[in-house]
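Q: File name input06.tsv; file contents TSV, N, CA and C atoms; full text below.
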```tsv
chain	number	residue	atom	x	y	z
A	1	MET	N	158.49	112.74	183.19
A	1	MET	CA	157.74	111.50	183.19
A	1	MET	C	156.50	111.66	182.31
A	2	GLU	N	156.28	110.68	181.49
A	2	GLU	CA	155.17	110.74	180.54
A	2	GLU	C	153.87	110.28	181.18
A	3	ILE	N	152.80	110.99	180.91
A	3	ILE	CA	151.48	110.63	181.43
A	3	ILE	C	150.87	109.62	180.46
A	4	PRO	N	150.43	108.46	180.97
A	4	PRO	CA	149.86	107.44	180.07
A	4	PRO	C	148.52	107.89	179.49
A	5	SER	N	148.24	107.48	178.29
A	5	SER	CA	146.97	107.81	177.66
A	5	SER	C	145.87	106.95	178.27
A	6	ILE	N	144.65	107.36	178.03
A	6	ILE	CA	143.49	106.61	178.55
A	6	ILE	C	143.45	105.22	177.94
A	7	ASN	N	143.86	105.07	176.68
A	7	ASN	CA	143.88	103.75	176.04
A	7	ASN	C	144.88	102.82	176.71
A	8	ASP	N	146.04	103.38	177.10
A	8	ASP	CA	147.04	102.56	177.80
A	8	ASP	C	146.51	102.10	179.15
A	9	ILE	N	145.80	102.98	179.84
A	9	ILE	CA	145.27	102.63	181.15
A	9	ILE	C	144.20	101.55	181.03
A	10	VAL	N	143.28	101.73	180.08
A	10	VAL	CA	142.18	100.78	179.90
A	10	VAL	C	142.71	99.42	179.47
A	11	ASN	N	143.70	99.40	178.59
A	11	ASN	CA	144.24	98.14	178.07
A	11	ASN	C	145.29	97.53	178.98
A	12	GLY	N	145.63	98.21	180.05
A	12	GLY	CA	146.60	97.67	180.99
A	12	GLY	C	148.03	97.85	180.55
A	13	ASN	N	148.30	98.79	179.66
A	13	ASN	CA	149.65	99.01	179.17
A	13	ASN	C	150.37	100.11	179.94
A	14	SER	N	149.78	100.57	181.00
A	14	SER	CA	150.38	101.64	181.77
A	14	SER	C	151.64	101.15	182.46
A	15	SER	N	152.60	102.06	182.60
A	15	SER	CA	153.84	101.70	183.30
A	15	SER	C	153.61	101.58	184.80
A	16	LYS	N	152.50	102.13	185.27
A	16	LYS	CA	152.17	102.06	186.70
A	16	LYS	C	151.12	100.97	186.92
A	17	LYS	N	151.54	99.73	186.84
A	17	LYS	CA	150.62	98.61	187.08
A	17	LYS	C	150.47	98.40	188.57
A	18	ASN	N	149.27	98.10	188.97
A	18	ASN	CA	148.99	97.83	190.38
A	18	ASN	C	149.00	96.32	190.56
A	19	ASN	N	149.89	95.83	191.40
A	19	ASN	CA	150.02	94.40	191.63
A	19	ASN	C	149.16	93.90	192.78
A	20	ASN	N	148.50	94.78	193.49
A	20	ASN	CA	147.65	94.36	194.60
A	20	ASN	C	146.30	93.92	194.04
A	21	VAL	N	145.99	92.66	194.20
A	21	VAL	CA	144.78	92.08	193.62
A	21	VAL	C	143.53	92.69	194.25
A	22	TYR	N	143.58	93.02	195.54
A	22	TYR	CA	142.39	93.46	196.24
A	22	TYR	C	142.09	94.94	196.12
A	23	ASP	N	142.89	95.72	195.42
A	23	ASP	CA	142.62	97.15	195.30
A	23	ASP	C	141.34	97.43	194.53
A	24	ASN	N	141.02	96.62	193.55
A	24	ASN	CA	139.84	96.86	192.72
A	24	ASN	C	138.62	96.07	193.17
A	25	VAL	N	138.74	95.41	194.29
A	25	VAL	CA	137.64	94.59	194.80
A	25	VAL	C	136.86	95.40	195.82
A	26	SER	N	135.55	95.33	195.73
A	26	SER	CA	134.72	96.11	196.65
A	26	SER	C	134.79	95.55	198.06
A	27	ASP	N	134.39	96.37	199.00
A	27	ASP	CA	134.39	95.96	200.40
A	27	ASP	C	133.43	94.79	200.64
A	28	ARG	N	132.34	94.76	199.90
A	28	ARG	CA	131.38	93.67	200.07
A	28	ARG	C	131.99	92.34	199.67
A	29	VAL	N	132.72	92.33	198.58
A	29	VAL	CA	133.35	91.10	198.11
A	29	VAL	C	134.40	90.64	199.10
A	30	ARG	N	135.18	91.57	199.64
A	30	ARG	CA	136.17	91.22	200.67
A	30	ARG	C	135.49	90.62	201.88
A	31	SER	N	134.38	91.22	202.28
A	31	SER	CA	133.64	90.74	203.44
A	31	SER	C	133.09	89.34	203.20
A	32	VAL	N	132.54	89.11	202.03
A	32	VAL	CA	132.01	87.79	201.67
A	32	VAL	C	133.13	86.76	201.68
A	33	ASP	N	134.28	87.11	201.13
A	33	ASP	CA	135.42	86.21	201.09
A	33	ASP	C	135.87	85.84	202.51
A	34	TYR	N	135.97	86.83	203.36
A	34	TYR	CA	136.40	86.58	204.74
A	34	TYR	C	135.41	85.68	205.48
A	35	LYS	N	134.11	85.96	205.34
A	35	LYS	CA	133.09	85.16	206.02
A	35	LYS	C	133.07	83.73	205.51
A	36	ALA	N	133.22	83.56	204.20
A	36	ALA	CA	133.23	82.21	203.61
A	36	ALA	C	134.44	81.42	204.10
A	37	GLN	N	135.59	82.07	204.18
A	37	GLN	CA	136.78	81.39	204.70
A	37	GLN	C	136.59	81.00	206.15
A	38	TYR	N	135.99	81.89	206.92
A	38	TYR	CA	135.74	81.61	208.33
A	38	TYR	C	134.77	80.44	208.49
A	39	LEU	N	133.72	80.41	207.68
A	39	LEU	CA	132.76	79.31	207.74
A	39	LEU	C	133.41	77.99	207.33
A	40	CYS	N	134.26	78.01	206.33
A	40	CYS	CA	135.00	76.81	205.94
A	40	CYS	C	135.84	76.30	207.10
A	41	GLN	N	136.48	77.23	207.79
A	41	GLN	CA	137.30	76.86	208.93
A	41	GLN	C	136.45	76.25	210.05
A	42	LYS	N	135.30	76.84	210.32
A	42	LYS	CA	134.42	76.32	211.36
A	42	LYS	C	133.86	74.95	211.01
A	43	MET	N	133.62	74.70	209.72
A	43	MET	CA	133.07	73.42	209.28
A	43	MET	C	134.16	72.37	209.11
A	44	GLY	N	135.42	72.79	209.14
A	44	GLY	CA	136.51	71.84	209.01
A	44	GLY	C	136.80	71.42	207.58
A	45	ASN	N	136.40	72.23	206.63
A	45	ASN	CA	136.67	71.89	205.23
A	45	ASN	C	137.38	73.05	204.53
A	46	GLU	N	138.53	73.44	205.09
A	46	GLU	CA	139.29	74.58	204.55
A	46	GLU	C	139.79	74.33	203.13
A	47	ASP	N	140.07	73.08	202.78
A	47	ASP	CA	140.64	72.75	201.48
A	47	ASP	C	139.59	72.45	200.41
A	48	ASP	N	138.33	72.48	200.76
A	48	ASP	CA	137.26	72.16	199.82
A	48	ASP	C	136.83	73.42	199.07
A	49	ARG	N	137.31	73.57	197.83
A	49	ARG	CA	137.02	74.77	197.04
A	49	ARG	C	135.55	74.85	196.64
A	50	ILE	N	134.90	73.71	196.47
A	50	ILE	CA	133.48	73.72	196.10
A	50	ILE	C	132.64	74.26	197.25
A	51	ALA	N	132.94	73.82	198.47
A	51	ALA	CA	132.21	74.33	199.63
A	51	ALA	C	132.48	75.82	199.80
A	52	TYR	N	133.73	76.24	199.61
A	52	TYR	CA	134.08	77.65	199.73
A	52	TYR	C	133.27	78.50	198.74
A	53	LYS	N	133.16	78.04	197.50
A	53	LYS	CA	132.40	78.78	196.50
A	53	LYS	C	130.91	78.85	196.87
A	54	LEU	N	130.39	77.76	197.39
A	54	LEU	CA	128.99	77.75	197.83
A	54	LEU	C	128.79	78.73	198.98
A	55	TYR	N	129.71	78.74	199.93
A	55	TYR	CA	129.60	79.65	201.07
A	55	TYR	C	129.71	81.10	200.61
A	56	CYS	N	130.57	81.37	199.64
A	56	CYS	CA	130.68	82.73	199.09
A	56	CYS	C	129.34	83.15	198.48
A	57	LYS	N	128.78	82.27	197.69
A	57	LYS	CA	127.50	82.59	197.05
A	57	LYS	C	126.41	82.78	198.09
A	58	ALA	N	126.43	81.95	199.13
A	58	ALA	CA	125.43	82.06	200.18
A	58	ALA	C	125.53	83.41	200.89
A	59	PHE	N	126.74	83.82	201.24
A	59	PHE	CA	126.90	85.10	201.92
A	59	PHE	C	126.59	86.26	200.99
A	60	TYR	N	126.77	86.07	199.70
A	60	TYR	CA	126.48	87.14	198.74
A	60	TYR	C	124.99	87.28	198.48
A	61	VAL	N	124.28	86.14	198.42
A	61	VAL	CA	122.86	86.16	198.06
A	61	VAL	C	121.96	86.28	199.29
A	62	LEU	N	122.29	85.54	200.34
A	62	LEU	CA	121.46	85.51	201.54
A	62	LEU	C	121.98	86.49	202.58
A	63	SER	N	121.17	86.74	203.59
A	63	SER	CA	121.63	87.60	204.68
A	63	SER	C	122.62	86.81	205.54
A	64	GLU	N	123.51	87.53	206.18
A	64	GLU	CA	124.50	86.88	207.03
A	64	GLU	C	123.81	86.13	208.17
A	65	ASP	N	122.77	86.73	208.71
A	65	ASP	CA	122.02	86.10	209.80
A	65	ASP	C	121.43	84.77	209.36
A	66	LYS	N	120.89	84.72	208.16
A	66	LYS	CA	120.29	83.48	207.63
A	66	LYS	C	121.34	82.38	207.49
A	67	VAL	N	122.51	82.74	206.99
A	67	VAL	CA	123.58	81.74	206.81
A	67	VAL	C	124.00	81.18	208.16
A	68	TRP	N	124.16	82.04	209.16
A	68	TRP	CA	124.59	81.55	210.47
A	68	TRP	C	123.49	80.75	211.17
A	69	ARG	N	122.22	81.08	210.92
A	69	ARG	CA	121.13	80.26	211.49
A	69	ARG	C	121.14	78.87	210.87
A	70	LEU	N	121.37	78.80	209.57
A	70	LEU	CA	121.45	77.50	208.90
A	70	LEU	C	122.67	76.72	209.38
A	71	TYR	N	123.76	77.41	209.65
A	71	TYR	CA	124.96	76.76	210.20
A	71	TYR	C	124.63	76.12	211.55
A	72	GLU	N	123.96	76.87	212.41
A	72	GLU	CA	123.59	76.33	213.73
A	72	GLU	C	122.66	75.14	213.60
A	73	LEU	N	121.71	75.22	212.68
A	73	LEU	CA	120.79	74.11	212.45
A	73	LEU	C	121.55	72.87	211.99
A	74	ALA	N	122.48	73.05	211.08
A	74	ALA	CA	123.27	71.92	210.58
A	74	ALA	C	124.11	71.30	211.69
A	75	GLN	N	124.63	72.12	212.58
A	75	GLN	CA	125.43	71.61	213.69
A	75	GLN	C	124.59	70.80	214.67
A	76	LYS	N	123.36	71.23	214.89
A	76	LYS	CA	122.50	70.56	215.87
A	76	LYS	C	121.85	69.29	215.33
A	77	LYS	N	121.38	69.33	214.08
A	77	LYS	CA	120.52	68.25	213.60
A	77	LYS	C	121.15	67.34	212.56
A	78	GLY	N	122.26	67.71	212.00
A	78	GLY	CA	122.82	66.91	210.92
A	78	GLY	C	123.78	65.84	211.38
A	79	ARG	N	123.65	64.65	210.78
A	79	ARG	CA	124.63	63.60	211.06
A	79	ARG	C	125.97	63.96	210.44
A	80	HIS	N	125.91	64.60	209.28
A	80	HIS	CA	127.09	65.09	208.58
A	80	HIS	C	126.87	66.60	208.38
A	81	PRO	N	127.29	67.40	209.37
A	81	PRO	CA	126.96	68.84	209.34
A	81	PRO	C	127.40	69.57	208.07
A	82	ALA	N	128.55	69.26	207.51
A	82	ALA	CA	129.02	69.97	206.31
A	82	ALA	C	128.11	69.68	205.11
A	83	LYS	N	127.72	68.43	204.95
A	83	LYS	CA	126.83	68.06	203.84
A	83	LYS	C	125.44	68.67	204.05
A	84	TYR	N	124.96	68.61	205.28
A	84	TYR	CA	123.63	69.15	205.57
A	84	TYR	C	123.62	70.66	205.36
A	85	LEU	N	124.67	71.34	205.79
A	85	LEU	CA	124.73	72.79	205.58
A	85	LEU	C	124.75	73.11	204.09
A	86	SER	N	125.49	72.36	203.32
A	86	SER	CA	125.53	72.60	201.87
A	86	SER	C	124.15	72.42	201.26
A	87	TRP	N	123.43	71.41	201.69
A	87	TRP	CA	122.08	71.17	201.19
A	87	TRP	C	121.15	72.32	201.58
A	88	LEU	N	121.22	72.73	202.85
A	88	LEU	CA	120.37	73.83	203.31
A	88	LEU	C	120.66	75.12	202.55
A	89	LEU	N	121.94	75.44	202.39
A	89	LEU	CA	122.31	76.67	201.69
A	89	LEU	C	121.89	76.62	200.22
A	90	SER	N	122.07	75.48	199.59
A	90	SER	CA	121.67	75.35	198.18
A	90	SER	C	120.18	75.59	198.01
A	91	ASN	N	119.38	75.04	198.91
A	91	ASN	CA	117.93	75.23	198.83
A	91	ASN	C	117.56	76.70	199.04
A	92	GLU	N	118.18	77.36	200.00
A	92	GLU	CA	117.87	78.76	200.27
A	92	GLU	C	118.31	79.66	199.12
A	93	ILE	N	119.44	79.36	198.53
A	93	ILE	CA	119.91	80.15	197.38
A	93	ILE	C	118.95	79.99	196.22
A	94	ARG	N	118.49	78.76	196.00
A	94	ARG	CA	117.53	78.50	194.93
A	94	ARG	C	116.24	79.26	195.16
A	95	ARG	N	115.78	79.30	196.39
A	95	ARG	CA	114.55	80.05	196.71
A	95	ARG	C	114.73	81.55	196.52
A	96	ALA	N	115.91	82.05	196.84
A	96	ALA	CA	116.16	83.48	196.75
A	96	ALA	C	116.30	83.96	195.30
A	97	SER	N	116.62	83.04	194.40
A	97	SER	CA	116.85	83.44	193.00
A	97	SER	C	115.57	83.57	192.24
```
What is this structure when it is put down as structure tokens?
A:
Amino acid sequence: MEIPSINDIVNGNSSKKNNNVYDNVSDRVRSVDYKAQYLCQKMGNEDDRIAYKLYCKAFYVLSEDKVWRLYELAQKKGRHPAKYLSWLLSNEIRRAS
């Protein structure tokens, strides 16, 4: 069996291609993805890709505790909790940047 050269590996020409998408993803990214999906499910907007991306960014930039506190605030005080949560998260992300 021939050992692939470093150029083949870097360019993706290796005969041993890895088809698992998550092998090269860090644990933090997996964690953020899982939490964002869970938050989408709790908010009832599983099919909303824009909300999912915002939640991913929120979990990546802000602390997990902060995101869940804002979630609770949106549930208690918002007439439209999903919209209010998006507004709260957007403002906090802007402040953190």
Q: List the spatial neighbours of Val32 of chain A as a list in words - criterion: any atom at most 7 Å away, only N, CA and C atoms, same-chain residues fewer than 4 positions off excluded.
A: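 Using only N, CA and C atoms, the neighbours found are Asp27, Arg28, Ala36, Gln37, Tyr55, Cys56, Phe59 and Tyr60 of chain A.
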Q: Do you know which residues are at most 9 Å from Leu39 of chain A counting only C-alpha atoms, after dropping those on the same chain fewer than 5 positions away, and could you put them as a PyMOL selection string?
A: chain A and resi 34+44-46+52+55+68+71
Q: What is the distance, in Å and to one decimal place, between atom CA of Lys57 of chain A and atom CA of Gln75 of chain A?
A: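 These two atoms are separated by 20.0 Å.
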Q: Let me have the centre and edge lengths of the axis-aligned box enclosing all listed atoms of segment 46-64 of chain A with 5 Å padding on every side, in Å to one decimal, as AutoDock Vina command-line options.
A:
```
--center_x 130.9 --center_y 79.9 --center_z 202.1 --size_x 29.5 --size_y 25.4 --size_z 22.1
```
Q: List the residues sitting within 12 Å of (123.2, 67.3, 207.2) in the file's frame, using only C-alpha atoms, as a PyMOL selection string.
A: chain A and resi 43+70-89
Q: Could you check how far atom CA of Ser26 of chain A sits from atom CA of Arg95 of chain A, in Å to one decimal?
A: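 According to the coordinates, atom CA of Ser26 of chain A and atom CA of Arg95 of chain A are separated by 25.8 Å.
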Q: When you draw a straight line from atom CA of Ala96 of chain A to atom N of Ser63 of chain A, how long is it in Å?
A: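 Taking atom CA of Ala96 of chain A and atom N of Ser63 of chain A, their separation equals 9.1 Å.
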Q: Using only C-alpha atoms, which of the listed residues (A:Ser97, A:Glu92, A:Ile50, A:Lys35) sits closest to Lys66 of chain A?
A: A:Glu92
